[in-house]
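Asker: Next comes structure.cif, mmCIF, C-alpha atoms:
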data_target
loop_
_atom_site.label_atom_id
_atom_site.label_comp_id
_atom_site.auth_asym_id
_atom_site.auth_seq_id
_atom_site.Cartn_x
_atom_site.Cartn_y
_atom_site.Cartn_z
CA MET A 1 5.97 18.87 33.19
CA SER A 2 9.39 19.56 34.66
CA ASN A 3 12.14 21.16 32.65
CA LYS A 4 14.09 17.94 32.56
CA ASN A 5 11.13 16.01 31.18
CA LEU A 6 10.43 18.72 28.64
CA LYS A 7 14.00 18.37 27.45
CA TYR A 8 13.50 14.63 26.89
CA LEU A 9 10.52 15.49 24.70
CA THR A 10 11.93 18.39 22.68
CA GLY A 11 15.64 17.50 22.63
CA PRO A 12 15.23 15.04 19.73
CA PHE A 13 13.58 17.72 17.56
CA SER A 14 16.90 19.43 16.85
CA ALA A 15 19.96 19.17 19.11
CA ASN A 16 19.60 15.41 19.59
CA ASN A 17 17.65 14.52 16.45
CA PRO A 18 17.71 10.76 15.86
CA VAL A 19 18.15 11.01 12.09
CA ILE A 20 20.50 13.92 11.52
CA VAL A 21 22.50 13.86 14.78
CA GLN A 22 22.36 10.26 16.00
CA ILE A 23 22.23 9.02 12.38
CA LEU A 24 19.62 6.38 13.19
CA GLY A 25 16.68 5.28 11.07
CA ILE A 26 18.26 6.43 7.81
CA CYS A 27 17.16 3.25 6.02
CA SER A 28 13.44 3.87 6.40
CA ALA A 29 13.90 7.60 5.82
CA LEU A 30 15.01 6.64 2.31
CA ALA A 31 12.14 4.22 1.72
CA VAL A 32 9.01 6.10 2.78
CA THR A 33 9.76 9.66 1.70
CA VAL A 34 8.74 9.56 -1.95
CA GLN A 35 5.40 11.13 -0.98
CA LEU A 36 4.24 13.12 2.03
CA LYS A 37 1.28 10.98 3.04
CA PRO A 38 3.09 7.71 3.77
CA ALA A 39 5.87 9.73 5.42
CA ILE A 40 3.40 11.34 7.84
CA VAL A 41 1.57 8.13 8.71
CA MET A 42 4.90 6.35 9.10
CA ALA A 43 6.10 9.11 11.44
CA LEU A 44 2.99 8.73 13.61
CA SER A 45 3.26 4.94 13.68
CA VAL A 46 6.94 5.06 14.62
CA THR A 47 6.15 7.59 17.35
CA ALA A 48 3.54 5.25 18.84
CA VAL A 49 5.89 2.27 18.71
CA THR A 50 8.92 4.13 20.14
CA ALA A 51 6.87 5.64 22.94
CA PHE A 52 5.29 2.36 24.04
CA ALA A 53 8.43 0.28 23.50
CA ASN A 54 10.29 2.73 25.77
CA LEU A 55 7.47 2.62 28.33
CA VAL A 56 7.24 -1.17 28.45
CA MET A 57 11.01 -1.74 28.53
CA SER A 58 11.41 0.90 31.22
CA LEU A 59 8.82 -0.92 33.34
CA LEU A 60 10.55 -4.26 32.72
CA ARG A 61 14.10 -2.95 33.22
CA ASN A 62 14.57 -4.01 36.85
CA GLY A 63 13.63 -7.65 36.36
CA LEU A 64 15.25 -8.02 32.96
CA PRO A 65 18.03 -10.64 32.62
CA SER A 66 20.77 -8.74 30.78
CA ARG A 67 21.84 -11.83 28.82
CA ILE A 68 18.57 -11.93 26.86
CA ARG A 69 17.70 -8.25 26.90
CA ILE A 70 18.06 -7.76 23.13
CA ILE A 71 15.68 -10.67 22.48
CA VAL A 72 13.19 -9.27 24.96
CA GLN A 73 13.42 -5.87 23.27
CA LEU A 74 12.80 -7.45 19.89
CA VAL A 75 9.76 -9.33 21.16
CA VAL A 76 8.28 -6.21 22.74
CA ILE A 77 8.91 -4.06 19.65
CA ALA A 78 7.62 -6.72 17.25
CA THR A 79 4.47 -7.14 19.35
CA LEU A 80 3.80 -3.41 19.31
CA VAL A 81 4.35 -3.21 15.57
CA ILE A 82 1.91 -6.08 14.94
CA LEU A 83 -0.64 -4.38 17.20
CA VAL A 84 -0.24 -1.08 15.33
CA ASP A 85 -0.64 -2.93 12.03
CA GLN A 86 -3.78 -4.75 13.23
CA VAL A 87 -5.36 -1.59 14.60
CA LEU A 88 -4.62 0.35 11.39
CA LYS A 89 -6.17 -2.48 9.34
CA ALA A 90 -9.30 -2.51 11.49
CA PHE A 91 -9.94 1.20 11.93
CA VAL A 92 -8.16 3.14 9.16
CA TYR A 93 -8.04 0.56 6.40
CA ASP A 94 -7.14 2.96 3.58
CA VAL A 95 -4.17 4.37 5.49
CA SER A 96 -2.93 0.90 6.32
CA LYS A 97 -3.08 0.06 2.62
CA GLN A 98 -1.11 3.19 1.80
CA LEU A 99 1.64 2.11 4.18
CA SER A 100 1.60 -1.56 3.11
CA VAL A 101 4.98 -3.10 3.91
CA TYR A 102 6.35 -0.07 5.77
CA VAL A 103 4.43 -0.80 8.95
CA GLY A 104 6.26 -4.11 9.29
CA LEU A 105 9.51 -2.29 8.61
CA ILE A 106 9.13 -0.28 11.82
CA ILE A 107 10.59 -3.33 13.59
CA THR A 108 13.85 -2.79 11.74
CA ASN A 109 13.94 0.93 12.52
CA CYS A 110 17.15 1.48 14.48
CA ILE A 111 15.62 4.36 16.44
CA VAL A 112 13.19 2.12 18.31
CA MET A 113 15.80 -0.30 19.62
CA GLY A 114 18.40 2.45 19.89
CA ARG A 115 16.25 4.45 22.30
CA VAL A 116 15.27 1.38 24.30
CA GLU A 117 18.94 0.40 24.72
CA ALA A 118 20.26 3.90 25.32
CA PHE A 119 17.47 5.44 27.36
CA ALA A 120 14.60 3.26 28.57
CA LEU A 121 16.82 0.68 30.30
CA GLY A 122 18.27 3.43 32.51
CA ASN A 123 15.35 5.77 33.12
CA GLY A 124 11.88 5.78 34.61
CA PRO A 125 8.70 5.00 32.65
CA TRP A 126 7.39 8.57 32.28
CA ALA A 127 10.73 10.01 31.12
CA SER A 128 11.15 7.05 28.76
CA PHE A 129 7.68 7.54 27.33
CA LEU A 130 8.42 11.23 26.63
CA ASP A 131 11.79 10.34 25.15
CA GLY A 132 10.04 7.89 22.84
CA ILE A 133 7.50 10.45 21.68
CA GLY A 134 10.23 13.07 21.20
CA ASN A 135 12.41 10.75 19.13
CA GLY A 136 9.46 9.56 17.06
CA LEU A 137 8.48 13.12 16.25
CA GLY A 138 12.10 14.15 15.65
CA TYR A 139 12.35 11.31 13.14
CA GLY A 140 9.00 12.30 11.63
CA LEU A 141 10.13 15.90 11.23
CA ILE A 142 13.04 14.87 9.00
CA LEU A 143 10.81 12.45 7.05
CA VAL A 144 8.33 15.22 6.33
CA VAL A 145 11.02 17.68 5.23
CA ILE A 146 12.62 15.14 2.90
CA ALA A 147 9.24 13.94 1.58
CA PHE A 148 8.22 17.56 0.95
CA PHE A 149 11.14 18.14 -1.43
CA ARG A 150 10.94 14.70 -3.03
CA GLU A 151 7.23 14.89 -3.76
CA LEU A 152 7.34 18.53 -4.87
CA PHE A 153 10.24 18.14 -7.31
CA GLY A 154 9.74 14.47 -8.14
CA ALA A 155 6.00 14.48 -8.87
CA GLY A 156 4.94 18.16 -8.76
CA THR A 157 2.40 17.39 -6.04
CA LEU A 158 2.17 17.83 -2.26
CA TYR A 159 0.14 15.36 -0.19
CA GLY A 160 -1.33 14.21 -3.50
CA PHE A 161 -2.50 17.68 -4.54
CA ARG A 162 -1.03 19.18 -7.70
CA VAL A 163 1.21 22.18 -6.94
CA ILE A 164 3.09 22.63 -10.19
CA PRO A 165 0.45 23.33 -12.86
CA GLU A 166 -0.05 20.72 -15.60
CA SER A 167 0.42 23.43 -18.25
CA TRP A 168 4.07 23.96 -17.24
CA TYR A 169 5.04 20.45 -18.33
CA ILE A 170 6.82 19.80 -21.60
CA ALA A 171 4.18 17.22 -22.52
CA GLU A 172 1.58 20.00 -22.33
CA GLY A 173 3.73 22.43 -24.30
CA GLY A 174 5.44 24.01 -21.29
CA PHE A 175 9.06 24.15 -20.15
CA TYR A 176 9.09 22.06 -16.99
CA SER A 177 9.88 18.44 -16.25
CA ASN A 178 9.86 16.46 -13.00
CA ASN A 179 13.22 15.45 -11.59
CA GLY A 180 13.18 11.64 -11.84
CA LEU A 181 16.18 11.32 -9.51
CA MET A 182 14.01 12.67 -6.68
CA LEU A 183 11.96 9.47 -6.79
CA PHE A 184 14.96 7.25 -6.15
CA PRO A 185 16.43 6.50 -2.71
CA PRO A 186 19.87 8.09 -3.34
CA MET A 187 18.22 11.51 -3.56
CA ALA A 188 16.79 11.05 -0.06
CA LEU A 189 20.32 10.43 1.18
CA ILE A 190 21.59 13.56 -0.61
CA LEU A 191 18.72 15.63 0.85
CA CYS A 192 19.42 14.17 4.27
CA GLY A 193 23.07 15.20 3.85
CA CYS A 194 21.98 18.73 2.93
CA ILE A 195 19.80 18.92 6.04
CA ILE A 196 22.71 17.75 8.22
CA TRP A 197 24.93 20.39 6.57
CA VAL A 198 22.50 23.24 7.26
CA HIS A 199 21.76 21.94 10.76
CA ARG A 200 25.43 21.69 11.75
CA SER A 201 26.32 25.08 10.36
CA LYS A 202 23.63 26.54 12.65
CA ASN A 203 24.63 24.40 15.66
CA LYS A 204 28.35 25.01 16.15
CA ASP A 205 28.58 22.65 19.15
CA LEU A 206 27.70 19.67 16.91
CA GLN A 207 30.70 20.26 14.65
CA GLU A 208 33.60 17.87 15.12
CA LYS A 209 36.91 19.59 15.78
CA MET B 1 17.95 -13.83 43.08
CA ASN B 2 20.47 -14.20 40.27
CA LYS B 3 18.86 -12.61 37.24
CA ASN B 4 21.30 -14.26 34.86
CA SER B 5 20.82 -17.82 36.06
CA ASN B 6 19.54 -20.24 33.44
CA LEU B 7 16.42 -21.05 35.44
CA TYR B 8 15.44 -17.37 35.73
CA ILE B 9 16.01 -16.78 32.02
CA VAL B 10 13.96 -19.83 31.01
CA ILE B 11 11.07 -18.83 33.27
CA TYR B 12 11.29 -15.18 32.22
CA SER B 13 11.23 -15.91 28.51
CA THR B 14 8.45 -18.52 28.87
CA VAL B 15 6.22 -16.10 30.72
CA MET B 16 7.02 -13.34 28.23
CA VAL B 17 6.18 -15.51 25.22
CA VAL B 18 2.90 -16.70 26.74
CA VAL B 19 1.85 -13.16 27.63
CA VAL B 20 2.76 -11.81 24.20
CA ALA B 21 1.09 -14.71 22.37
CA THR B 22 -2.11 -14.26 24.36
CA LEU B 23 -2.12 -10.53 23.73
CA LEU B 24 -1.63 -10.91 20.00
CA ALA B 25 -4.17 -13.71 19.70
CA VAL B 26 -6.80 -11.67 21.55
CA ALA B 27 -6.07 -8.59 19.42
CA ALA B 28 -6.19 -10.58 16.18
CA LEU B 29 -9.47 -12.29 17.09
CA ALA B 30 -11.10 -9.13 18.38
CA LEU B 31 -10.24 -7.16 15.27
CA LYS B 32 -10.74 -9.92 12.70
CA SER B 33 -14.41 -9.31 11.93
CA ARG B 34 -13.78 -5.59 11.50
CA GLN B 35 -10.82 -6.19 9.20
CA ASP B 36 -12.73 -8.71 7.10
CA ALA B 37 -15.63 -6.30 6.80
CA ASN B 38 -13.19 -3.62 5.63
CA ILE B 39 -11.70 -5.91 3.00
CA LEU B 40 -15.11 -7.10 1.77
CA ASN B 41 -16.36 -3.55 1.61
CA GLU B 42 -13.26 -2.48 -0.30
CA LYS B 43 -13.84 -5.19 -2.91
CA LYS B 44 -17.47 -4.18 -3.38
CA GLU B 45 -16.46 -0.51 -3.63
CA ALA B 46 -13.79 -1.38 -6.20
CA ILE B 47 -16.34 -3.27 -8.33
CA LEU B 48 -18.72 -0.31 -8.19
CA ALA B 49 -15.85 2.10 -8.93
CA SER B 50 -14.88 0.18 -12.06
CA LEU B 51 -18.48 0.66 -13.27
CA SER B 52 -18.40 4.35 -12.22
CA LEU B 53 -21.27 3.56 -9.85
CA THR B 54 -19.48 4.67 -6.69
CA GLY B 55 -21.91 5.43 -3.88
CA GLN B 56 -24.62 3.02 -5.04
CA ASN B 57 -25.71 0.03 -3.03
CA TYR B 58 -23.74 -3.00 -4.19
CA ASP B 59 -26.46 -5.52 -3.36
CA GLU B 60 -29.02 -3.59 -5.38
CA VAL B 61 -27.11 -2.97 -8.57
CA ILE B 62 -24.83 -6.00 -8.92
CA ASP B 63 -25.81 -9.53 -9.85
CA ALA B 64 -22.84 -11.82 -9.18
CA PHE B 65 -22.36 -15.33 -10.48
CA VAL B 66 -19.58 -17.81 -11.23
CA VAL B 67 -18.67 -19.35 -14.56
CA ASN B 68 -16.30 -22.14 -15.53
CA GLU B 69 -13.59 -22.06 -18.21
CA LYS B 70 -16.23 -22.72 -20.92
CA GLY B 71 -18.25 -19.68 -19.83
CA GLU B 72 -21.07 -21.79 -18.33
CA LYS B 73 -22.65 -20.72 -15.07
CA ILE B 74 -21.83 -22.96 -12.14
CA GLU B 75 -23.53 -23.11 -8.77
CA GLY B 76 -22.25 -23.63 -5.26
CA GLN B 77 -19.57 -20.92 -5.16
CA ASP B 78 -19.78 -17.48 -3.59
CA PRO B 79 -18.42 -15.00 -6.17
CA ILE B 80 -17.28 -12.47 -3.56
CA GLN B 81 -15.48 -15.10 -1.49
CA LEU B 82 -13.57 -16.21 -4.60
CA LEU B 83 -12.06 -12.70 -4.79
CA PHE B 84 -10.15 -13.37 -1.58
CA ASP B 85 -7.94 -15.89 -3.38
CA LEU B 86 -8.04 -15.05 -7.06
CA PRO B 87 -4.99 -17.04 -8.20
CA THR B 88 -6.62 -20.23 -6.87
CA ALA B 89 -9.98 -19.27 -8.34
CA PHE B 90 -8.37 -18.89 -11.78
CA ALA B 91 -6.43 -22.13 -11.40
CA GLU B 92 -9.61 -24.03 -10.49
CA HIS B 93 -11.63 -22.40 -13.27
CA THR B 94 -14.18 -20.90 -10.91
CA LEU B 95 -14.41 -17.44 -12.42
CA PRO B 96 -16.49 -14.80 -10.64
CA VAL B 97 -18.48 -12.37 -12.78
CA PHE B 98 -20.30 -9.26 -11.57
CA GLN B 99 -23.08 -8.04 -13.79
CA ALA B 100 -24.57 -4.58 -13.49
CA GLN B 101 -28.27 -3.95 -14.16
CA ASP B 102 -27.46 -2.18 -17.43
CA GLY B 103 -25.77 -5.29 -18.85
CA ARG B 104 -22.18 -4.26 -18.33
CA ILE B 105 -20.03 -6.87 -16.61
CA VAL B 106 -17.05 -6.66 -14.29
CA VAL B 107 -14.41 -9.38 -14.27
CA PRO B 108 -11.58 -9.58 -11.75
CA VAL B 109 -7.98 -9.78 -12.94
CA SER B 110 -5.05 -11.16 -10.99
CA GLY B 111 -1.29 -11.07 -11.60
CA VAL B 112 2.08 -10.10 -10.20
CA GLY B 113 3.97 -6.80 -10.22
CA LEU B 114 7.59 -6.14 -9.36
CA TRP B 115 7.32 -6.72 -5.60
CA GLY B 116 4.16 -8.72 -5.06
CA PRO B 117 0.64 -9.55 -6.15
CA MET B 118 -1.53 -7.20 -8.17
CA TRP B 119 -5.24 -7.45 -8.83
CA GLY B 120 -8.01 -5.39 -10.30
CA TYR B 121 -11.48 -5.20 -11.80
CA VAL B 122 -12.21 -4.59 -15.45
CA ALA B 123 -15.66 -3.35 -16.40
CA LEU B 124 -16.71 -4.14 -19.98
CA GLU B 125 -19.49 -2.53 -22.00
CA LYS B 126 -22.34 -4.66 -23.32
CA ASP B 127 -20.34 -5.45 -26.45
CA MET B 128 -17.88 -7.32 -24.16
CA ASN B 129 -15.09 -5.55 -26.02
CA THR B 130 -14.89 -1.92 -24.89
CA ILE B 131 -13.45 -1.20 -21.46
CA SER B 132 -15.93 0.88 -19.49
CA GLY B 133 -13.67 1.34 -16.50
CA ILE B 134 -10.84 -0.30 -14.61
CA VAL B 135 -9.62 -0.42 -11.05
CA LEU B 136 -6.12 -1.71 -10.32
CA ASP B 137 -4.52 -2.37 -6.99
CA HIS B 138 -1.31 -3.86 -5.68
CA ALA B 139 0.26 -5.15 -2.50
CA GLY B 140 3.63 -3.41 -2.51
CA GLU B 141 4.66 -1.60 -5.67
CA THR B 142 7.02 1.38 -5.23
CA PRO B 143 5.17 4.60 -4.32
CA GLY B 144 5.61 7.25 -7.01
CA LEU B 145 6.74 4.65 -9.55
CA GLY B 146 4.98 1.28 -10.00
CA ALA B 147 2.28 2.23 -7.50
CA GLU B 148 1.04 4.83 -9.99
CA VAL B 149 -0.98 2.06 -11.69
CA ALA B 150 -3.41 2.39 -8.79
CA THR B 151 -4.05 6.09 -9.44
CA PRO B 152 -7.23 7.40 -11.14
CA LYS B 153 -5.03 9.26 -13.62
CA HIS B 154 -3.49 6.05 -14.92
CA GLN B 155 -6.74 4.11 -14.82
CA ALA B 156 -8.62 6.77 -16.78
CA MET B 157 -6.49 5.91 -19.82
CA TYR B 158 -8.10 2.47 -20.18
CA LYS B 159 -11.60 3.79 -20.69
CA GLY B 160 -12.77 3.20 -24.26
CA LYS B 161 -9.93 0.83 -25.19
CA THR B 162 -11.00 -2.39 -26.85
CA ILE B 163 -9.72 -5.85 -26.08
CA PHE B 164 -10.60 -7.44 -29.44
CA GLU B 165 -9.20 -6.64 -32.87
CA GLY B 166 -11.97 -7.99 -35.08
CA GLU B 167 -12.46 -11.52 -33.78
CA GLU B 168 -9.01 -11.79 -32.28
CA PHE B 169 -8.35 -11.24 -28.57
CA VAL B 170 -5.49 -8.74 -28.19
CA SER B 171 -6.05 -7.39 -24.64
CA VAL B 172 -4.64 -3.98 -23.68
CA THR B 173 -0.90 -3.36 -23.58
CA LEU B 174 1.01 -0.81 -21.49
CA ARG B 175 3.52 0.65 -23.94
CA LYS B 176 6.80 2.04 -22.66
CA GLY B 177 7.42 5.47 -24.17
CA GLY B 178 3.73 6.13 -24.78
CA ALA B 179 0.82 4.35 -26.45
CA LYS B 180 1.11 3.98 -30.23
CA ASP B 181 -2.08 2.04 -30.97
CA PRO B 182 -5.01 4.19 -29.80
CA LYS B 183 -7.35 1.19 -29.58
CA HIS B 184 -5.39 -1.37 -27.60
CA GLU B 185 -2.55 0.46 -25.86
CA VAL B 186 -2.08 2.84 -22.95
CA ASP B 187 1.04 4.63 -21.66
CA ALA B 188 3.23 2.58 -19.35
CA ILE B 189 4.36 4.08 -16.05
CA SER B 190 7.72 5.84 -16.34
CA GLY B 191 10.08 4.29 -13.81
CA GLY B 192 7.64 1.42 -13.37
CA THR B 193 8.40 -0.76 -16.37
CA LYS B 194 8.31 -4.07 -14.49
CA THR B 195 5.01 -3.18 -12.88
CA SER B 196 3.60 -2.08 -16.25
CA ASP B 197 4.69 -5.36 -17.83
CA GLY B 198 2.97 -7.13 -14.94
CA VAL B 199 -0.27 -5.28 -15.65
CA THR B 200 -0.05 -6.13 -19.36
CA ALA B 201 0.46 -9.82 -18.56
CA MET B 202 -2.27 -9.76 -15.91
CA LEU B 203 -4.84 -8.31 -18.32
CA LYS B 204 -3.92 -10.75 -21.05
CA THR B 205 -4.11 -13.93 -18.96
CA SER B 206 -7.03 -12.96 -16.73
CA LEU B 207 -9.26 -11.53 -19.46
CA GLY B 208 -8.19 -14.48 -21.61
CA ALA B 209 -9.71 -16.85 -19.06
CA TYR B 210 -13.09 -15.20 -19.63
CA LEU B 211 -13.01 -15.36 -23.44
CA PRO B 212 -15.75 -18.02 -23.84
CA LEU B 213 -18.10 -16.01 -21.64
CA LEU B 214 -17.30 -12.74 -23.43
CA LYS B 215 -17.96 -14.32 -26.82
CA VAL B 216 -21.43 -15.64 -25.90
CA SER B 217 -22.44 -12.55 -23.95
CA ALA B 218 -21.51 -9.94 -26.55
CA VAL B 219 -24.48 -8.00 -27.93
CA ALA B 220 -25.40 -5.09 -30.18
CA PRO B 221 -22.17 -3.61 -31.63
CA CYS B 222 -21.01 -7.17 -32.26
CA CYS B 223 -23.04 -7.00 -35.46
CA GLU B 224 -20.13 -5.08 -36.95
CA ALA B 225 -17.70 -7.70 -35.78
CA CYS B 226 -19.55 -10.93 -36.38
CA ALA B 227 -20.34 -11.46 -40.00
CA GLU B 228 -23.38 -13.69 -39.60
CA ALA B 229 -26.50 -11.87 -38.48
CA THR B 230 -28.05 -15.11 -37.24
CA GLU B 231 -25.27 -15.60 -34.72
CA CYS B 232 -25.95 -12.15 -33.47
CA GLU B 233 -29.64 -12.93 -33.04
CA THR B 234 -28.88 -16.00 -30.97
CA ASN B 235 -26.56 -13.99 -28.84
CA LYS B 236 -29.25 -11.45 -28.19
CA VAL B 237 -31.71 -14.12 -27.18
CA GLU B 238 -29.23 -15.66 -24.79
CA ASN B 239 -28.57 -12.34 -23.22
CA ASN B 240 -32.26 -11.66 -22.67
CA GLU B 241 -32.68 -14.79 -20.64
#
Would you kindly transcribe this structure into C-alpha cells?

Answerer:
Amino acid sequence: MSNKNLKYLTGPFSANNPVIVQILGICSALAVTVQLKPAIVMALSVTAVTAFANLVMSLLRNGLPSRIRIIVQLVVIATLVILVDQVLKAFVYDVSKQLSVYVGLIITNCIVMGRVEAFALGNGPWASFLDGIGNGLGYGLILVVIAFFRELFGAGTLYGFRVIPESWYIAEGGFYSNNGLMLFPPMALILCGCIIWVHRSKNKDLQEK
Amino acid sequence: MNKNSNLYIVIYSTVMVVVVATLLAVAALALKSRQDANILNEKKEAILASLSLTGQNYDEVIDAFVVNEKGEKIEGQDPIQLLFDLPTAFAEHTLPVFQAQDGRIVVPVSGVGLWGPMWGYVALEKDMNTISGIVLDHAGETPGLGAEVATPKHQAMYKGKTIFEGEEFVSVTLRKGGAKDPKHEVDAISGGTKTSDGVTAMLKTSLGAYLPLLKVSAVAPCCEACAEATECETNKVENNE
C-alpha cells in the first residue's frame, strides 16, 4: 500500500476524524453510545456501508449525471444498508436484534453521504474504498470512547459485564450511585465536546486562529 | 453524449432502479428461509427459557395447542405461527398455549412500549397463579433505560409472583419507586416509566385473555383458594385427561 493510500486509511483516525474534526455523524453518536456493544456493531456496520458506498459511487462517477447525483447516492446507500440489515438478520440474528432500529439509521448518517460527495466522486475506487474504511473506523473509535464512559458511569458495566461491584451501591449499603445523566443523549454531546477539547489541545494545527 | 440531458437521466435512473430492485429482491428471497428459521428458533428458545428449560429439545418437551376466549381447545391453527402476529391472534381469540410435560404452561403476552411493540412469554406453575418464569422482549425500547425489561436481572424479579389475589385476577404491576406489594408487584425500570407501564398493561390484558383457561386448568394449591373441595376434584380430573 502506497503512502498516499495509507494516509486515506489512517487520516480519519485522528487528524481528519469525521466526528470530532469534520463534525459529521454526531446524531447517531448520541443515539447508539449508551452501551459498548451496540456502539461496536454500529461502528462495524457503518464501516461496511461507507466503504462500499464509496467504492460503488467511485466506479459510477464517470457516467453519473450530476443533476441527479444526490438521488443516486441515496439509492446506493439505502441499498447497502438494507443488504447489511438482511445479512445481519440471516447470519447474526442476536446482534441484529441488539441494533434494532439503528441499522436503518445508517442511511441518515452524514458521514456516508459526506464521504461519497467529498471523496468518492473525485477519486479512484481503491482510494475511495480505503477512505470509506478509514472514516468508518474513525467514527467507530469515537463511538467506542463515548460508549465506554457512558456505560461505565451510567450503568457500572462494560460490554454488559459488571465493573463496579454491586456492593458499592447505595441500595446494597454502599456509597456509590450510577450517574443517570450519562444515559441521556446530552451527556454524549458533552463527552464529545470534551474529546474535541483534548484532541485540539494536542493538535495545534486544528485550532482556529 | 450530454450526461445532463433528460433522456440520459431517465435511462440512467431506470436502469439503476431495475438493477437495485433485482439485487434487493434476490437478497431478500435468498435470505428469507434463514431469517424465518432464526425467528422461529428464537421463539422456541424464548418459550423454553421462560420455563427455565433452556437447551432442551422444544419438540420433545412442549405440547402446544390453541384455545378460544372461553378456554376451550380449538383445532386448525398452528400455535407457533400465531406467535408471528400476536395482536391479531388476541383480537381473533385464537390463543396459543404451550404446555410443558410437568404441567406448567406458557402463555404469550403482547403489548406496546414507548417506541414500539413488546411481547413476551409468561410461564405459570401448575396452580395457574404463580409465575414460574418470564421472558420479555421489545422492538425498539431505549437501550439502558426501557430496554432493561429484556434483561435477566429484571425478569428474575417476576419469579414467584402471583397473578391472583384469592379469586380475583390482579396481574403483576411494575411499581415506580420499588415494589410495595411482595406478591403482585415488581420494581419498575428507572428512566423507563413508559415502558414499565406498557409491561404492566401488557400483562394485565394478555393474561386476562387467558383467564377462563387458567381457572379450569388450576390444580393442587387451588384447594386453598377455592372453597369447595368438589370443584377442586373436577379440576383435577380435567387436568388428567

Asker: So how far away is atom CA of B:Ala27 from atom CA of A:Ala29, in Å?

Answerer: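 A separation of 29.1 Å between them.
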
Asker: Residues picked by the PyMOL selection byres ((chain A) within 7 of (chain B)) here, as a ChimeraX atom specification?

Answerer: /A:34,65-67,79,86,89-90,93,100-101,183

Asker: Find the residue from B:Ile189, B:Leu211, B:Ala100, B:Ala218 that sits nearest to B:Lys70; use only C-alpha atoms when measuring.

Answerer: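 Checking each candidate against B:Lys70, we get B:Leu211 as the closest.
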
Asker: Between A:Val145, A:Val72, A:Ile77, A:Leu6, which one has atoms that come closest to A:Thr33, using all atoms listed in the file?

Answerer: A:Val145

Asker: Show which residues sit within 10 Å of B:His184, as number ranges by chain. Count all atoms listed in the file, and ignore same-chain residues fewer than 3 positions away.

Answerer: B: 130, 158, 160-165, 170-175, 179-181

Asker: Rounded to one decimal, what separation in Å do you get between atom CA of B:Gln81 and atom CA of B:Ser206?

Answerer: 17.6 Å

Asker: Between atom CA of A:Asn54 and atom CA of A:Phe129, what is the distance in Å, rounded to a tenth?

Answerer: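 Taking atom CA of A:Asn54 and atom CA of A:Phe129, their separation equals 5.7 Å.
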
Asker: On this file, the PyMOL selection byres ((chain A and resi 27) around 10) gives some set of residues; write that set as a PyMOL selection string.

Answerer: chain A and resi 19+23-26+28-32+105+108-110+185+188-189
